[in-house]
2 protein chains.
Amino acid sequence: MPPTPGPYHHGDLRHALLREAAAVLDESGVGALSLRDLARRAGVSPTAPYHHFRGRADLVHALALDALDALDAALAAADATQTDPAGRIRAQGVAYVLFAVTHPERFRVAFRAETGGPFEHLAGPGGALPEDAPAFRHLVRAVRALTADPERQVGLALATWSLVHGLASLLIDGPLRPFARDQVRGLAERAVAQFVLDA
Amino acid sequence: MPPTPGPYHHGDLRHALLREAAAVLDESGVGALSLRDLARRAGVSPTAPYHHFRGRADLVHALALDALDALDAALAAADATQTDPAGRIRAQGVAYVLFAVTHPERFRVAFRAETGGPFEHLAGPGGALPEDAPAFRHLVRAVRALTADPERQVGLALATWSLVHGLASLLIDGPLRPFARDQVRGLAERAVAQFVLDA
DNA sequence: ATCGGAATGTGACGGGTGCTAAGATGGTCT
DNA sequence: AGACCATCTTAGCACCCGTCACATTCCGAT
């Protein structure tokens, strides 16, 4: 007899799976995720997860959305610490990089298009800024407050986001990994400052 | 009888596997790579590849090195088209982004740390620029030619690389994907130009 | 030239995974 | 009470990775 067969219906399997998945993700990376393993951890049969996710890709997709939400929240919080537009942009940039360095796996999974990333729905006509993209909208608003010139708005927003995203990526995956955690803040601040010096 | 058993020794299996792998990578992504599948394509037994690669991760690592070499070559070529330092930096930036958009899977695999990326050996003490990092050294040289101030050298090199790397990543995986191919060049040029305006 | 080691290739095996199909169980609503 | 539906289970297929012992070929040393 199985030990503690437990109730036939788990009650909240989907969230339990997501919790376990987040733990595995943080400590072993997205490659270590396995529906069967998660089922095992949740004390449920190997194929039970398929009633809550269409497949592995769907589970990863859900994690990506969560990660993007977390990043979005961190940026919103950073944005709220400042009042002047330039300060808001700088704070968001630093927060962006710090989030990536603090939660590298979450950051990676948030921007992984392989399994149908979280930006599918944004396939609008090229040329326009994705104003409502999560983790981007706060930056757009701050830039709007900084300058009224639309041309400059697009350029500044795109450049700032690219800069911090690239810095974050290089710090996580690239040749900038050796940089210690406590240097990151200074690095990010200096990088972002190059843009918003002139209001 | 198996059709055309072929010679017992393939002769050049390692390179054959790498060629097939590159093809699979380009058209289906790194996730679709399988040693057994590659062996099948090369007309060889399922475990033959293990005599040329320690495992799947090793194969991916080799592909990453190749991809990084290709990027490095593209940057060197772009660098050579210009003579003045600012022009060299701009040309490299545009080439960087164009490479990523043209060969997204190669670009991705080049900067994938999950399976022990190609930047392992660069784990030097933090704070110093990785001068000899492939795909980075040409930029460092151009920056050196632009300004003599070491502080400014570091800032400019890091910021430029971060900018183009981030732009490339966002165009490939992120919310900037809808941007059409022919807009990319202009986007990259405008972004890079914001830095090297002042010599 | 031959002999023996090293490199390369083969087949079978254990452990793991994703995913589907068919049946069992338990809430829920009329 | 009865019927329905979501949830969970068992069984099974196909694929994969990596290791093992064994076969074949090449190549250099004697």
# chains A, B, ... in the order shown; residues from 1 in each chain; ligands from 1
>>> interface_residues(of="chain B", to="chain C", cutoff="10 Å", atoms="only C-alpha atoms (C1' of nucleotides)", output="PDB file with N, CA and C atoms, in the first residue's frame")
ATOM      1  N   TYR B   8      33.666   0.832 -42.618  1.00  0.00           N
ATOM      2  CA  TYR B   8      33.507   0.726 -41.168  1.00  0.00           C
ATOM      3  C   TYR B   8      33.904   2.036 -40.497  1.00  0.00           C
ATOM      4  N   HIS B   9      34.929   2.614 -40.960  1.00  0.00           N
ATOM      5  CA  HIS B   9      35.326   3.920 -40.403  1.00  0.00           C
ATOM      6  C   HIS B   9      34.847   5.031 -41.323  1.00  0.00           C
ATOM      7  N   HIS B  10      34.123   5.928 -40.732  1.00  0.00           N
ATOM      8  CA  HIS B  10      33.492   6.983 -41.509  1.00  0.00           C
ATOM      9  C   HIS B  10      34.510   7.897 -42.152  1.00  0.00           C
ATOM     10  N   GLY B  11      35.596   8.135 -41.461  1.00  0.00           N
ATOM     11  CA  GLY B  11      36.659   8.932 -42.046  1.00  0.00           C
ATOM     12  C   GLY B  11      36.715  10.324 -41.466  1.00  0.00           C
ATOM     13  N   LEU B  13      33.949  11.660 -39.204  1.00  0.00           N
ATOM     14  CA  LEU B  13      32.657  11.709 -38.529  1.00  0.00           C
ATOM     15  C   LEU B  13      32.471  12.981 -37.716  1.00  0.00           C
ATOM     16  N   VAL B  44      25.341   6.298 -39.198  1.00  0.00           N
ATOM     17  CA  VAL B  44      26.279   5.630 -38.314  1.00  0.00           C
ATOM     18  C   VAL B  44      25.526   5.163 -37.076  1.00  0.00           C
ATOM     19  N   SER B  45      26.123   4.302 -36.304  1.00  0.00           N
ATOM     20  CA  SER B  45      25.404   3.730 -35.162  1.00  0.00           C
ATOM     21  C   SER B  45      25.107   4.790 -34.094  1.00  0.00           C
ATOM     22  N   PRO B  46      24.082   4.565 -33.293  1.00  0.00           N
ATOM     23  CA  PRO B  46      23.593   5.581 -32.359  1.00  0.00           C
ATOM     24  C   PRO B  46      24.640   6.090 -31.373  1.00  0.00           C
ATOM     25  N   THR B  47      25.607   5.263 -31.037  1.00  0.00           N
ATOM     26  CA  THR B  47      26.553   5.675 -29.997  1.00  0.00           C
ATOM     27  C   THR B  47      27.915   6.072 -30.564  1.00  0.00           C
ATOM     28  N   ALA B  48      28.026   6.040 -31.856  1.00  0.00           N
ATOM     29  CA  ALA B  48      29.306   6.428 -32.461  1.00  0.00           C
ATOM     30  C   ALA B  48      29.726   7.851 -32.081  1.00  0.00           C
ATOM     31  N   PRO B  49      28.796   8.800 -32.016  1.00  0.00           N
ATOM     32  CA  PRO B  49      29.210  10.177 -31.682  1.00  0.00           C
ATOM     33  C   PRO B  49      29.944  10.293 -30.359  1.00  0.00           C
ATOM     34  N   HIS B  51      32.352   8.856 -29.350  1.00  0.00           N
ATOM     35  CA  HIS B  51      33.805   8.790 -29.505  1.00  0.00           C
ATOM     36  C   HIS B  51      34.376  10.128 -29.961  1.00  0.00           C
ATOM     37  N   HIS B  52      33.495  11.073 -30.251  1.00  0.00           N
ATOM     38  CA  HIS B  52      33.965  12.375 -30.725  1.00  0.00           C
ATOM     39  C   HIS B  52      33.498  13.511 -29.826  1.00  0.00           C
TER      40      HIS B  52
END
>>> interface_residues(of="chain D", to="chain B", cutoff="9 Å", atoms="only C-alpha atoms (C1' of nucleotides)", output="list in words")
DC16, DC17, DG18, DT24 and DT25 of chain D
>>> write_last_selection(atoms="C-alpha atoms (C1' of nucleotides)", output="compact mmCIF listing (two decimals), in the first residue's frame")
# COMPACT_ATOMS: atom_id res chain seq x y z
C1' DC D 16 16.53 10.15 -25.59
C1' DC D 17 21.12 10.04 -22.90
C1' DG D 18 25.00 7.65 -21.33
C1' DT D 24 36.76 -3.82 -36.63
C1' DT D 25 40.17 -1.04 -38.66
>>> closest_residue(among="B:Leu98, B:Val140, B:Ala64, B:Leu71", to="Ala188 of chain B", atoms="only C-alpha atoms")
B:Leu98
>>> closest_residue(among="A:Val24, A:Pro85, A:Ala77, A:Leu59", to="Ala142 of chain A", atoms="only C-alpha atoms")
A:Pro85
>>> atom_distance(atom1="atom CA of Leu176 of chain A", atom2="atom CA of Phe107 of chain B")
16.8 Å
